[in-house]
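target_14.txt follows; it contains compact mmCIF, C-alpha atoms.
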# COMPACT_ATOMS: atom_id res chain seq x y z
CA MET A 1 136.67 92.94 97.33
CA SER A 2 135.39 96.43 97.90
CA LYS A 3 138.41 97.99 96.16
CA ASN A 4 138.19 95.67 93.13
CA LEU A 5 134.47 96.26 92.68
CA LYS A 6 134.83 100.00 93.18
CA GLU A 7 137.57 100.26 90.56
CA ALA A 8 135.60 98.07 88.15
CA PHE A 9 132.46 100.19 88.43
CA ASP A 10 134.55 103.37 88.29
CA SER A 11 135.51 102.43 84.74
CA ILE A 12 131.85 102.63 83.67
CA HIS A 13 130.67 106.08 82.59
CA ALA A 14 127.87 107.54 80.55
CA ASP A 15 129.58 108.73 77.42
CA PRO A 16 129.10 112.30 76.15
CA GLU A 17 127.02 111.11 73.15
CA LEU A 18 124.53 109.38 75.44
CA LYS A 19 124.18 112.49 77.60
CA GLU A 20 123.78 114.73 74.58
CA SER A 21 121.16 112.48 72.98
CA THR A 22 119.27 112.48 76.29
CA ARG A 23 119.41 116.27 76.47
CA ALA A 24 118.08 116.53 72.90
CA PHE A 25 115.33 114.01 73.73
CA LEU A 26 114.28 116.03 76.78
CA ARG A 27 114.19 119.28 74.79
CA GLU A 28 112.02 117.63 72.15
CA LYS A 29 109.62 115.97 74.61
CA THR A 30 109.14 119.08 76.70
CA GLY A 31 108.92 121.53 73.81
CA ASN A 32 112.13 123.16 74.98
CA TYR A 33 110.95 123.05 78.59
CA THR A 34 107.95 125.25 77.86
CA ALA A 35 105.03 122.86 77.60
CA PRO A 36 103.90 119.29 78.20
CA GLU A 37 104.50 116.78 75.38
CA PRO A 38 102.95 118.24 72.19
CA ARG A 39 99.87 116.35 70.93
CA ARG A 40 99.27 115.87 67.23
CA ARG A 41 95.71 116.35 66.00
CA SER A 42 93.45 116.13 62.88
CA GLY A 43 95.10 116.39 59.40
CA GLY A 44 98.09 114.24 60.18
CA PHE A 45 95.88 111.79 62.06
CA ARG A 46 93.62 111.07 59.07
CA ARG A 47 96.54 110.11 56.89
CA LEU A 48 97.90 107.79 59.51
CA ALA A 49 94.55 106.25 60.45
CA PRO A 50 95.00 102.87 58.65
CA ALA A 51 98.50 102.41 60.02
CA LEU A 52 97.33 103.41 63.47
CA ALA A 53 94.43 100.97 63.27
CA CYS A 54 96.84 98.12 62.44
CA ALA A 55 99.16 99.20 65.20
CA ALA A 56 96.21 99.34 67.61
CA LEU A 57 95.19 95.78 66.69
CA LEU A 58 98.75 94.61 67.18
CA VAL A 59 98.97 96.36 70.53
CA VAL A 60 95.62 94.92 71.66
CA GLY A 61 96.73 91.43 70.60
CA LEU A 62 100.07 91.75 72.34
CA SER A 63 98.44 93.38 75.35
CA GLY A 64 95.95 90.52 75.59
CA TYR A 65 98.77 88.02 75.42
CA GLN A 66 100.74 89.96 77.98
CA ALA A 67 97.68 90.36 80.23
CA TYR A 68 97.08 86.60 80.17
CA PHE A 69 100.61 85.84 81.25
CA THR A 70 100.93 88.59 83.83
CA PRO A 71 100.50 87.19 87.33
CA THR A 72 98.16 89.03 89.67
CA SER A 73 98.31 86.63 92.61
CA ALA A 74 100.52 83.84 93.88
CA ILE A 75 99.66 80.77 95.93
CA SER A 76 102.48 79.28 97.99
CA ILE A 77 101.80 75.71 99.17
CA ASP A 78 104.24 74.37 101.73
CA ILE A 79 104.25 71.17 103.72
CA ASN A 80 107.45 69.68 102.64
CA PRO A 81 106.91 69.71 98.94
CA SER A 82 106.87 73.44 98.37
CA VAL A 83 105.08 74.58 95.26
CA GLU A 84 104.17 78.05 94.06
CA LEU A 85 101.42 78.82 91.58
CA GLU A 86 101.10 82.14 89.78
CA ILE A 87 97.52 83.14 88.93
CA ASN A 88 96.45 85.64 86.28
CA ARG A 89 93.57 88.10 86.32
CA PHE A 90 91.38 85.47 84.66
CA ASP A 91 91.84 83.18 87.70
CA ARG A 92 93.99 80.74 85.72
CA VAL A 93 97.22 79.12 86.77
CA ILE A 94 99.98 80.42 84.49
CA THR A 95 103.07 79.05 86.20
CA VAL A 96 103.75 76.11 88.50
CA GLU A 97 107.12 76.08 90.21
CA GLY A 98 108.62 73.64 92.69
CA LEU A 99 110.64 75.48 95.34
CA ASN A 100 112.50 72.48 96.71
CA ASP A 101 113.37 69.01 95.39
CA ASP A 102 110.10 67.45 96.54
CA GLY A 103 108.20 70.44 95.22
CA THR A 104 109.92 70.17 91.84
CA ALA A 105 109.00 66.48 91.68
CA LEU A 106 105.40 67.27 92.58
CA ALA A 107 105.21 70.13 90.06
CA ALA A 108 106.44 67.76 87.34
CA GLU A 109 103.64 65.28 88.13
CA LEU A 110 100.89 67.86 88.23
CA ASN A 111 99.13 69.04 85.14
CA VAL A 112 97.44 72.15 86.50
CA ARG A 113 98.80 74.87 84.25
CA PHE A 114 96.01 76.92 82.65
CA MET A 115 93.45 75.35 85.03
CA SER A 116 91.32 77.51 87.28
CA TYR A 117 92.99 77.96 90.66
CA ASP A 118 89.99 76.23 92.24
CA ASP A 119 90.57 73.02 90.28
CA ALA A 120 94.34 73.28 90.63
CA LEU A 121 94.21 73.62 94.42
CA GLY A 122 91.81 70.69 94.66
CA GLN A 123 94.10 68.51 92.57
CA ILE A 124 97.23 69.47 94.50
CA ILE A 125 95.73 68.90 97.93
CA ALA A 126 94.30 65.56 96.82
CA SER A 127 97.67 64.44 95.41
CA ASP A 128 99.39 61.43 97.00
CA ALA A 129 102.42 63.48 98.03
CA ILE A 130 100.39 66.03 100.01
CA GLN A 131 97.99 63.47 101.46
CA GLN A 132 100.91 61.32 102.65
CA CYS A 133 102.54 64.30 104.39
CA LEU A 134 99.26 65.22 106.07
CA ALA A 135 98.83 61.63 107.21
CA ASP A 136 102.33 61.85 108.75
CA ASP A 137 101.20 64.83 110.82
CA GLY A 138 102.72 67.36 108.44
CA VAL A 139 101.67 71.02 108.66
CA LEU A 140 100.24 72.43 105.44
CA SER A 141 100.59 76.15 104.87
CA ILE A 142 98.83 77.90 101.98
CA VAL A 143 99.69 81.58 101.61
CA VAL A 144 97.99 83.76 99.04
CA SER A 145 99.72 86.96 98.00
CA GLY A 146 99.13 89.62 95.38
CA ASP A 147 98.14 93.19 94.74
CA ASN A 148 94.53 92.40 93.81
CA GLU A 149 92.84 92.20 97.17
CA VAL A 150 89.51 90.98 95.82
CA GLN A 151 91.14 88.11 93.97
CA GLN A 152 93.36 87.37 96.94
CA GLN A 153 90.35 86.98 99.24
CA GLU A 154 88.51 84.77 96.74
CA ILE A 155 91.52 82.48 96.42
CA LEU A 156 91.87 82.36 100.20
CA ARG A 157 88.21 81.34 100.56
CA CYS A 158 88.79 78.60 98.01
CA ALA A 159 91.94 77.38 99.79
CA ARG A 160 90.06 77.21 103.09
CA ARG A 161 87.26 75.28 101.42
CA CYS A 162 89.74 72.79 99.90
CA THR A 163 91.43 72.22 103.26
CA SER A 164 88.36 72.32 105.49
CA GLY A 165 88.79 68.67 106.46
CA GLU A 166 92.45 69.05 107.47
CA SER A 167 93.24 70.04 111.06
CA ASN A 168 96.89 70.77 110.22
CA ALA A 169 96.19 73.15 107.35
CA HIS A 170 96.63 76.90 107.69
CA CYS A 171 95.55 79.34 105.00
CA TYR A 172 96.29 83.04 105.14
CA ALA A 173 97.07 86.11 103.08
CA GLY A 174 100.58 87.41 102.48
CA SER A 175 101.77 90.65 100.93
CA SER A 176 103.63 91.17 97.66
CA GLU A 177 106.49 92.59 99.68
CA ASP A 178 106.68 89.37 101.72
CA LEU A 179 106.63 87.35 98.52
CA ALA A 180 109.52 89.39 97.13
CA GLU A 181 111.44 88.95 100.39
CA ALA A 182 110.77 85.22 100.38
CA GLN A 183 111.90 84.87 96.78
CA ALA A 184 115.05 86.87 97.52
CA LEU A 185 115.90 84.40 100.31
CA GLY A 186 115.01 81.38 98.21
CA LEU A 187 112.18 80.38 100.53
CA PRO A 188 108.57 79.54 99.71
CA LEU A 189 106.26 82.14 101.19
CA GLY A 190 104.72 79.95 103.88
CA LYS A 191 108.16 78.85 105.00
CA TYR A 192 109.38 82.45 104.89
CA HIS A 193 106.68 83.50 107.37
CA ALA A 194 107.61 80.60 109.64
CA TYR A 195 111.30 81.50 109.28
CA GLU A 196 110.60 85.13 110.23
CA GLU A 197 108.58 84.00 113.23
CA LEU A 198 111.34 81.61 114.33
CA HIS A 199 114.10 84.13 113.63
CA ALA A 200 112.43 86.58 115.99
CA LEU A 201 112.73 83.94 118.72
CA ASP A 202 116.01 82.36 117.65
CA PRO A 203 118.26 84.67 115.61
CA SER A 204 120.71 81.83 114.96
CA ILE A 205 118.35 80.25 112.39
CA THR A 206 119.46 80.92 108.82
CA PRO A 207 117.33 80.89 105.66
CA GLU A 208 119.34 77.89 104.44
CA GLU A 209 118.47 75.90 107.55
CA ALA A 210 114.82 76.87 107.27
CA ALA A 211 114.77 75.81 103.62
CA GLY A 212 115.83 72.31 104.63
CA MET A 213 113.16 71.93 107.33
CA THR A 214 109.58 70.84 106.88
CA MET A 215 106.78 73.14 108.02
CA ARG A 216 106.16 70.73 110.91
CA GLU A 217 109.79 70.99 112.03
CA LEU A 218 109.68 74.79 111.84
CA ARG A 219 106.41 74.90 113.75
CA ASP A 220 107.76 72.55 116.45
CA ARG A 221 110.88 74.68 116.86
CA ILE A 222 108.79 77.85 117.16
CA ASP A 223 106.64 76.18 119.80
CA ALA A 224 109.75 75.00 121.64
CA CYS A 225 111.21 78.53 121.67
CA GLN A 226 107.95 80.02 122.85
CA ASP A 227 107.52 77.45 125.62
CA GLY A 228 111.13 77.28 126.62
CA ASP A 229 114.10 79.49 127.21
CA GLU A 230 113.19 82.87 128.81
CA GLU A 231 116.83 83.94 128.75
CA GLU A 232 116.94 83.98 124.90
CA SER A 233 118.22 87.38 123.83
CA TYR A 234 116.78 88.61 120.50
CA GLY A 235 118.41 92.05 120.50
CA GLY A 236 121.98 90.78 120.81
CA GLY A 237 121.63 88.56 117.74
CA GLN A 238 120.37 91.36 115.52
CA HIS A 239 123.07 93.86 116.52
CA GLN A 240 125.73 91.25 115.81
CA HIS A 241 124.35 90.70 112.33
CA GLY A 242 124.05 94.45 111.71
CA GLY A 243 127.59 95.14 112.91
CA ARG A 244 129.20 93.18 110.09
CA TRP A 245 127.81 95.45 107.42
CA ASN A 246 127.67 98.87 109.00
CA GLN A 247 131.28 99.56 108.11
CA HIS A 248 132.45 99.95 104.55
CA GLU A 249 134.74 97.03 103.78
CA MET B 1 108.09 120.78 85.11
CA ARG B 2 111.73 121.22 86.02
CA SER B 3 113.92 123.64 84.10
CA GLU B 4 116.58 122.90 81.51
CA TRP B 5 119.19 123.96 84.02
CA GLU B 6 117.89 121.41 86.54
CA ALA B 7 117.77 118.71 83.86
CA ASN B 8 121.36 119.36 82.81
CA ARG B 9 122.52 119.43 86.43
CA ALA B 10 120.80 116.08 87.03
CA ILE B 11 122.35 114.56 83.91
CA ASP B 12 125.81 115.76 84.96
CA ARG B 13 125.32 114.48 88.48
CA TYR B 14 123.53 111.17 87.91
CA ALA B 15 124.32 110.02 84.37
CA ASP B 16 127.12 107.72 85.53
CA LEU B 17 124.93 106.29 88.29
CA VAL B 18 122.08 105.56 85.85
CA ARG B 19 124.60 104.11 83.41
CA ARG B 20 125.98 101.71 85.99
CA VAL B 21 122.56 100.53 87.17
CA CYS B 22 121.61 99.96 83.51
CA MET B 23 124.75 97.94 83.02
CA ILE B 24 123.84 95.48 85.76
CA HIS B 25 120.28 95.00 84.49
CA LEU B 26 120.07 95.46 80.75
CA LYS B 27 121.04 93.43 77.73
CA ASN B 28 122.29 96.01 75.22
CA HIS B 29 123.22 99.62 74.64
CA ALA B 30 119.97 100.48 72.84
CA ASP B 31 118.01 99.56 75.95
CA THR B 32 120.35 101.72 78.03
CA GLU B 33 119.53 104.71 75.84
CA ASP B 34 115.79 103.99 76.27
CA ILE B 35 116.13 103.87 80.03
CA PHE B 36 118.24 107.01 80.13
CA GLN B 37 115.56 108.93 78.31
CA THR B 38 112.78 107.44 80.42
CA VAL B 39 114.44 108.18 83.76
CA PHE B 40 115.46 111.75 83.00
CA LEU B 41 112.10 112.53 81.43
CA LYS B 42 110.42 111.31 84.63
CA TYR B 43 112.73 113.55 86.58
CA VAL B 44 111.98 116.61 84.45
CA THR B 45 108.21 116.10 84.36
CA GLY B 46 107.88 114.70 87.90
CA THR B 47 106.65 116.57 90.94
CA THR B 48 108.65 114.85 93.69
CA GLU B 49 110.13 117.38 96.10
CA PHE B 50 113.55 116.16 97.23
CA GLU B 51 114.51 116.76 100.83
CA SER B 52 118.23 116.41 100.13
CA GLU B 53 120.75 115.34 97.54
CA GLU B 54 120.77 111.87 99.12
CA HIS B 55 117.00 111.65 98.72
CA GLU B 56 117.32 112.68 95.08
CA LYS B 57 120.08 110.12 94.45
CA ALA B 58 118.02 107.32 96.04
CA TRP B 59 115.12 108.37 93.78
CA PHE B 60 117.30 107.98 90.69
CA ILE B 61 118.48 104.56 91.83
CA ARG B 62 114.96 103.36 92.54
CA VAL B 63 113.44 104.75 89.32
CA THR B 64 116.25 103.37 87.15
CA ILE B 65 115.95 99.89 88.67
CA ASN B 66 112.17 99.92 88.18
CA ALA B 67 112.48 101.19 84.60
CA CYS B 68 114.99 98.42 83.80
CA LYS B 69 112.72 95.77 85.29
CA ASP B 70 109.70 97.09 83.36
CA LEU B 71 111.68 96.94 80.14
CA LEU B 72 112.86 93.41 80.84
CA ARG B 73 109.29 92.18 81.39
CA SER B 74 108.74 92.54 77.67
CA PHE B 75 108.30 89.09 76.12
CA PHE B 76 110.53 89.79 73.20
CA ARG B 77 113.75 90.65 75.00
CA SER B 78 116.78 88.50 74.45
CA ARG B 79 117.93 86.63 77.53
CA THR B 80 121.64 86.64 76.66
CA VAL B 81 124.02 89.41 77.58
CA SER B 82 127.66 90.15 77.10
CA LEU B 83 129.68 93.03 78.45
CA ASP B 84 130.51 94.05 74.87
CA ASP B 85 126.83 94.41 74.05
CA LEU B 86 126.34 96.66 77.06
CA LEU B 87 129.25 99.02 76.61
CA GLU B 88 129.57 101.69 73.95
CA GLN B 89 133.36 101.31 74.01
CA PRO B 90 134.20 97.91 75.46
CA ASP B 91 137.90 98.25 74.62
CA GLN B 92 138.28 101.10 77.09
CA VAL B 93 137.51 98.87 80.09
CA PRO B 94 140.75 97.35 81.44
CA GLU B 95 140.90 93.55 81.31
CA ASP B 96 140.96 92.94 85.06
CA HIS B 97 137.96 95.23 85.50
CA ARG B 98 136.14 93.40 82.73
CA GLU B 99 136.57 90.14 84.63
CA VAL B 100 135.10 91.67 87.77
CA LEU B 101 132.19 93.26 85.90
CA GLU B 102 131.44 90.03 84.07
CA ALA B 103 131.39 88.23 87.40
CA VAL B 104 128.85 90.75 88.69
CA LEU B 105 126.74 90.31 85.55
CA ALA B 106 126.86 86.55 86.04
CA LEU B 107 125.27 86.90 89.47
CA PRO B 108 121.53 86.30 89.77
CA ASP B 109 119.49 89.51 89.34
CA LYS B 110 118.61 89.78 93.00
CA TYR B 111 122.28 90.09 94.02
CA ARG B 112 123.46 92.68 91.52
CA ASP B 113 121.68 95.72 92.95
CA VAL B 114 122.82 95.06 96.51
CA VAL B 115 126.41 94.42 95.35
CA TYR B 116 126.49 97.72 93.42
CA LEU B 117 124.82 99.75 96.14
CA HIS B 118 126.99 98.39 98.95
CA TYR B 119 130.41 97.98 97.35
CA TYR B 120 130.35 100.91 94.99
CA GLU B 121 127.90 103.46 96.37
CA GLY B 122 128.79 102.59 99.98
CA TYR B 123 125.26 102.18 101.33
CA THR B 124 124.77 100.10 104.47
CA ALA B 125 122.37 97.18 104.46
CA PRO B 126 119.60 99.14 106.25
CA GLU B 127 120.01 102.00 103.74
CA ILE B 128 119.83 99.54 100.86
CA GLY B 129 116.74 98.06 102.46
CA THR B 130 115.11 101.51 102.43
CA ILE B 131 116.02 102.20 98.79
CA LEU B 132 114.96 98.78 97.51
CA HIS B 133 112.02 98.29 99.92
CA LYS B 134 113.59 95.16 101.33
CA ASN B 135 113.96 93.90 104.87
CA PRO B 136 117.54 94.67 106.08
CA ASN B 137 117.98 91.02 107.10
CA THR B 138 117.26 90.05 103.51
CA VAL B 139 119.89 92.52 102.31
CA TYR B 140 122.48 91.07 104.70
CA THR B 141 121.75 87.58 103.41
CA LEU B 142 121.92 88.66 99.77
CA LEU B 143 125.24 90.43 100.33
CA THR B 144 126.73 87.37 102.05
CA ARG B 145 125.65 85.06 99.25
CA ALA B 146 126.78 87.49 96.56
CA ARG B 147 130.18 87.80 98.14
CA ASP B 148 130.51 84.00 98.28
CA GLU B 149 129.55 83.72 94.62
CA LEU B 150 131.99 86.44 93.58
CA ARG B 151 134.79 84.76 95.53
CA LYS B 152 134.06 81.46 93.76
CA MET B 153 134.11 83.15 90.34
CA LEU B 154 137.07 85.40 90.88
CA GLY B 155 139.23 83.24 93.16
CA GLY B 156 138.97 83.29 96.94
CA GLU B 157 142.15 84.59 98.60
CA ASP B 158 143.42 86.47 95.56
CA PHE B 159 140.24 88.44 95.27
CA GLU B 160 140.58 91.44 97.50

Encoded form using structure tokens:
Amino acid sequence: MSKNLKEAFDSIHADPELKESTRAFLREKTGNYTAPEPRRRSGGFRRLAPALACAALLVVGLSGYQAYFTPTSAISIDINPSVELEINRFDRVITVEGLNDDGTALAAELNVRFMSYDDALGQIIASDAIQQCLADDGVLSIVVSGDNEVQQQEILRCARRCTSGESNAHCYAGSSEDLAEAQALGLPLGKYHAYEELHALDPSITPEEAAGMTMRELRDRIDACQDGDEEESYGGGQHQHGGRWNQHE
Amino acid sequence: MRSEWEANRAIDRYADLVRRVCMIHLKNHADTEDIFQTVFLKYVTGTTEFESEEHEKAWFIRVTINACKDLLRSFFRSRTVSLDDLLEQPDQVPEDHREVLEAVLALPDKYRDVVYLHYYEGYTAPEIGTILHKNPNTVYTLLTRARDELRKMLGGEDFE
């Protein structure tokens, strides 16, 4: 595989025209490498003012649209239905995604898009699917992630309020990096944290296995590993995994 | 600001690398030209001090990937892509290489970078983790899944 891929990528080159146009672009933008990007002022500006005003309005409109649909936080809700909500800077739900079959079914039933996260969380936790899982001793994990720490903390407070009556509910903050890792592995964020915790104790667990387990099952297995086998070797598992990829194929 | 000599040296050294990363992310040649200009302008006007050539190369990889992702976040980008749209001269790519490249382009986004960086640039999973700010275990998993997908698309035993 390595040889085929290497040869295939070897056939891709930047052609001379592309390099030359880039060189010309750089010379223009840097004033022939003598100054920062030249700024245009006065006379020319007056003539362009109407066009610039229209362009500014268009940019503001598009920016507003883009700002509304840009997520600033994410809420990962895992019990066995796993659902992820993306929240914008205006505290509104902009996407609702099921991360497993039960989660997809739940997401289809919910009508929380464009709601405030407060109302959305309340509706989700009160849903039959979640309430049934909690009644069956399921473990509910709500993980809030994002780059806006203030918003993240507000959402976390709300999540804790919504789950204050549930003894099996855990709400905590996650990082954007963890969210990216979780998405790369195809795991909801809460389940990803549980997987990482279990993997540290039992390196044989795979992301695929974790994806098929409920939060309760993951939690029970973590507890079993912590209570049980003192001869478990964590270091051996990791080196074995690393060994497969340290050589070029 | 870096000098013209440094800019030309960087273009000679990294143009193919930037071109290949663009190919696995972007939808057409016009976008590739945009990204080229963006990445090399950042290099010329940037202040990052590189500790080594490897550090500089990793910078180009990281900046190009980020620039491609920023461009793709635009709402008005087409979601379809063909190899012909991406290449200036599609006829110059041999047919069996086209099949392999199309298979890579058919992979989900999250697999393409790790496939390119491991199988072409020769980085190990921990090195890829450092460049892409990912956990090495995640990189291992992505590489395994990507390899399985490529084998399915290109034929298992024959694909070596």

Selected residue of minimal separation from Ile11 in chain B among B:Ala58, B:Val39, B:Val115, B:Met153, counting only C-alpha atoms:
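Closest residue, counting only C-alpha atoms: B:Val39.
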
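Of the listed residues (B:Thr138, B:Asn28, B:Glu95, B:Leu107), B:Thr138 comes nearest to chain A; the distances count all atoms listed in the file.
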
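When all atoms listed in the file are used to measure the gap to chain B, the shortest distance among A:His170, A:Arg89, A:Arg160, A:His199 belongs to A:His199.
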
For a quick test of understanding: name the residues of chain B lying within 6 Å of chain A when counting only C-alpha atoms, and present them as an MDAnalysis selection string.
chainID B and resid 15:16 19 37 97 119:120 124 160

Can you list, as a ChimeraX atom specification, every protein, DNA or RNA residue that comes within 10 Å of Ala106 in chain B when you count only C-alpha atoms, leaving out same-chain residues fewer than 3 positions away?
/B:24,81-82,100-103,109,111-112,149-150,153

One decimal, Å: what's the distance from CA of Arg98 in chain B over to CA of Leu143 in chain B, could you say?
20.9 Å

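CA of Glu208 in chain A is positioned 16.9 Å from CA of Leu179 in chain A.
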
As an exercise, work out the distance from CA of Ser145 in chain A to CA of Ile75 in chain A in Å and give it to one decimal place.
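Computed distance, CA of Ser145 in chain A to CA of Ile75 in chain A, equals 6.5 Å.
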
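Distance check against Asn66 in chain B using only C-alpha atoms: of B:Trp5, B:Pro126, B:Ile131, B:Tyr14, the minimum falls on B:Ile131.
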
Would you kindly return, as a CSV table (one decimal) with C-alpha atoms, in the frame of the given file, each protein, DNA or RNA residue with an atom no farther than 12 Å from any atom of Asp119 in chain A, considering all atoms listed in the file and excluding same-chain residues fewer than 5 positions away?
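Full text of out_20.csv as output:
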chain,number,residue,atom,x,y,z
A,91,ASP,CA,91.8,83.2,87.7
A,92,ARG,CA,94.0,80.7,85.7
A,93,VAL,CA,97.2,79.1,86.8
A,110,LEU,CA,100.9,67.9,88.2
A,111,ASN,CA,99.1,69.0,85.1
A,112,VAL,CA,97.4,72.2,86.5
A,113,ARG,CA,98.8,74.9,84.2
A,114,PHE,CA,96.0,76.9,82.6
A,124,ILE,CA,97.2,69.5,94.5
A,125,ILE,CA,95.7,68.9,97.9
A,126,ALA,CA,94.3,65.6,96.8
A,155,ILE,CA,91.5,82.5,96.4
A,158,CYS,CA,88.8,78.6,98.0
A,159,ALA,CA,91.9,77.4,99.8
A,161,ARG,CA,87.3,75.3,101.4
A,162,CYS,CA,89.7,72.8,99.9

For Gln151 in chain A: contacts at 10 Å, all atoms listed in the file, fewer than 6 positions along chain excluded, given as number ranges by chain
A: 72-73, 87-91, 144-145, 157

Test item: residues at most 10 Å from Thr47 in chain B, all atoms listed in the file, excluding those fewer than 3 positions along its chain, as a list in words:
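My reading of the contact set: Met1, Arg2, Lys42, Tyr43, Val44 and Phe50 of chain B.
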
Taking C-alpha atoms for each residue, export the selection above as an mmCIF file, keeping the file's coordinate frame.
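Result file follows (selection-v2.cif):
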data_model
loop_
_atom_site.group_PDB
_atom_site.id
_atom_site.type_symbol
_atom_site.label_atom_id
_atom_site.label_comp_id
_atom_site.auth_asym_id
_atom_site.auth_seq_id
_atom_site.Cartn_x
_atom_site.Cartn_y
_atom_site.Cartn_z
ATOM 1 C CA MET B 1 108.090 120.780 85.110
ATOM 2 C CA ARG B 2 111.730 121.220 86.020
ATOM 3 C CA LYS B 42 110.420 111.310 84.630
ATOM 4 C CA TYR B 43 112.730 113.550 86.580
ATOM 5 C CA VAL B 44 111.980 116.610 84.450
ATOM 6 C CA PHE B 50 113.550 116.160 97.230
#

Selection near Ser127 in chain A, 9 Å with all atoms listed in the file, sequence-local residues under 4 positions removed, as a VMD selection string:
chain A and resid 106 110 122 to 123 131 to 132
